[in-house]
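Here is the structure we will look at.
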Amino acid sequence: MAMWPEMGFQESPYATRPVPATAEGEALFVGRDAVAKRLANRLTSSDLHPTIEGENGVGKTSLVSVVGYRLRRNFEEGQTSQAIIPVDESFQLTPKDTAAALERKVLLAVASAMIRHHGVLKAGGHDVPNIADVRSWLSSPILTGGGGGASFMGIGGNATRSVSANTSAGFNEEGLRSTILEWLGQCFPTSQSGAFVCVLDNLELLETSKDARSLLESMRDGMLSMRGLKWVLCGARGIVRTSASSPRLEGRLAEPLELDPIADDEISQVIARRLDYYRIDEAGASAPVGPDSFKLIYDILNKNLRNALKYSEDFSLWLYDEGHAEKGEDSFAGLFEDWIKWKAEQGAGQTDLSGTRAWEVFDSLVTKGGSCSPGDFDAFGFNSPQAMVPHIKSLEDVNLVQSSTSDEDRRRKTIAVTPRGWLVRYARSGFSVPE
């Protein structure tokens with residue numbers, strides 16, 4: 001028997017993937033009522049594309065998924081005639097990407113969504129293309145092969161699939177674009193009739209803010225202007241504001257919503273919901289990391305939900321591998337605390353920093369919340385940014401901090417403590433939890 005069923009769960013309650021746009025996703029979603037309401041309002045009441053800023057792992061994609069699911073459910077249940085329907089796939093840009101390549105992936109995903117939601121759209125009074133024609137169109141002019149891209153219609157797709165036009169069938173790129181645009185305009189003639197919602201995620205994966213803005217600007221008169229298509233752009237703090245700051249984009253993108261970490265009084269409920277949802281049998285389930293233990297690792301890792309889930313699953317695997325799972329849930333909290341201390345001590349012991357000045361910078365950085373820029377040099381006791389940079393580089397080399405830089409102004413550099421850094425900080429503080 002696999003580990004999780006043996007411990008009484010259908011699957012891992014600590015999975016780090018974003019929650020899906022389904023009833024399952026809503027059941028696992030905790031808090032954030034105010035920002036969820038704001039996002040829903042922007043999707044239903046504005047032609048501007050919503051944007052969300054928040055730290056990595058804070059739950060931006062999950063927020064969009066759950067809000068999209070709720071809006072789609074409202075339409076399916078007849079509460080509104082406005083069909084806001086999330087597309088299953090999320091999209092990302094890299095420095096090697098082009099707007100044309102992204103557009104092609106998006107349009108094919110929209111065609112897939114048109115098939116998947118054809119029945120509910122038609123029942124809701126929307127003018128949709130003949131589903132047989134759409135299926136025939138997708139299978140005939142499009143050839144699927146290996147290489148990159150996404151799956152379409154849910155048939156045999158994976159992260160290494162690619163899609164190319166079969167030009168011998170007389171169907172070129174412009175034909176692809178014009179056909180799907182016609183479908184979108186037919187199905188969603190006005191903004192109040194609805195839209196498919198796509199997510200452009202992890203904008204910070206772009207190497208510089210200049211590249212991000214250039215790619216977004218190239219989308220301005222294309223994907224950001226298509227009738228029946230709504231975008232939600234997500235990125236770490238600052239990247240959306242910087243990327244969206246050009247005059248060309250001001251008329252397309254909304255002011256960013258800021259997503260903060262889940263509140264302290266709600267974080268225990270996050271894991272309690274997951275344990276209840278995936279539990280097979282109330283009496284037979286033993287949770288390796290319960291709500292109190294999860295709150296501990298969440299605080300140690302500076303309130304990063306994704307990282308807290310990752311370490312919870314790591315502990316669960318260790319617990320099972322070492323034969324401790326049979327000891328029972330009553331012993332797990334103590335074992336977890338000992339395991340976290342061991343991991344923290346291990347990380348600190350493996351960190352080789354010459355001299356003490358870099359450690360002083362690190363200790364000061366964590367007391368200031370875990371992020372800064374070289375412009376804050378005086379707060380760290382330096383006379384100039386240049387004097388501070390070598391010590392930041394030393395911390396980067398041992399993965400205690402990470403930095404990102406704007407290519408337009410090398411002085412605008414964001415420095416942040418890594419998950420490993422927070423764990424090392426826990427050991428160096430004598431195992432005290434950050435306030």
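To be explicit about the labels: the chains of the structure tokens are called A, B, and onward in the order shown, and within each one the residues are counted from 1, while ligands get numbers from 1 in the order they are shown.
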
Per residue of segment 11-87 of chain A within 7 Å of segment 255-267 of chain A, which atom pair is closest and at what distance in Å (one decimal), using only C-alpha atoms, listed by chain and increasing number, as a Markdown table?
| residue | atom | partner | partner_atom | distance |
| --- | --- | --- | --- | --- |
| A:Gly31 | CA | A:Glu266 | CA | 6.8 |
| A:Pro50 | CA | A:Pro256 | CA | 6.9 |
| A:Thr51 | CA | A:Pro256 | CA | 4.6 |
| A:Ile52 | CA | A:Leu257 | CA | 4.7 |
| A:Glu53 | CA | A:Glu258 | CA | 5.0 |
| A:Gly54 | CA | A:Leu259 | CA | 5.0 |
| A:Val58 | CA | A:Pro261 | CA | 5.7 |

C-alpha atoms of the current selection, written as a PDB file, in the first residue's frame:
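New file part.pdb:
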ATOM      1  CA  GLY A  31      -9.539  33.404   4.187  1.00  0.00           C
ATOM      2  CA  PRO A  50      -6.583  42.504 -13.159  1.00  0.00           C
ATOM      3  CA  THR A  51      -3.057  42.190 -11.789  1.00  0.00           C
ATOM      4  CA  ILE A  52      -1.929  40.645  -8.498  1.00  0.00           C
ATOM      5  CA  GLU A  53       1.308  41.187  -6.611  1.00  0.00           C
ATOM      6  CA  GLY A  54       2.551  39.024  -3.757  1.00  0.00           C
ATOM      7  CA  VAL A  58       1.757  33.315  -1.094  1.00  0.00           C
TER       8      VAL A  58
END

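Our summary of the geometry notes that atom CA of Val64 of chain A is positioned 14.2 Å from atom CA of Glu24 of chain A.
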
What residues in segment 60-289 of chain A get the DSSP label strand (DSSP E)? Please answer as a count of residues only. 35

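Note that atom CA of Ser371 of chain A and atom CA of Ser214 of chain A are 27.0 Å apart.
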
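Those residues that approach Ala36 of chain A to within 9 Å, counting only C-alpha atoms, are Leu63, Val64, Val66 and Val67 of chain A; same-chain residues fewer than 6 positions away are not listed.
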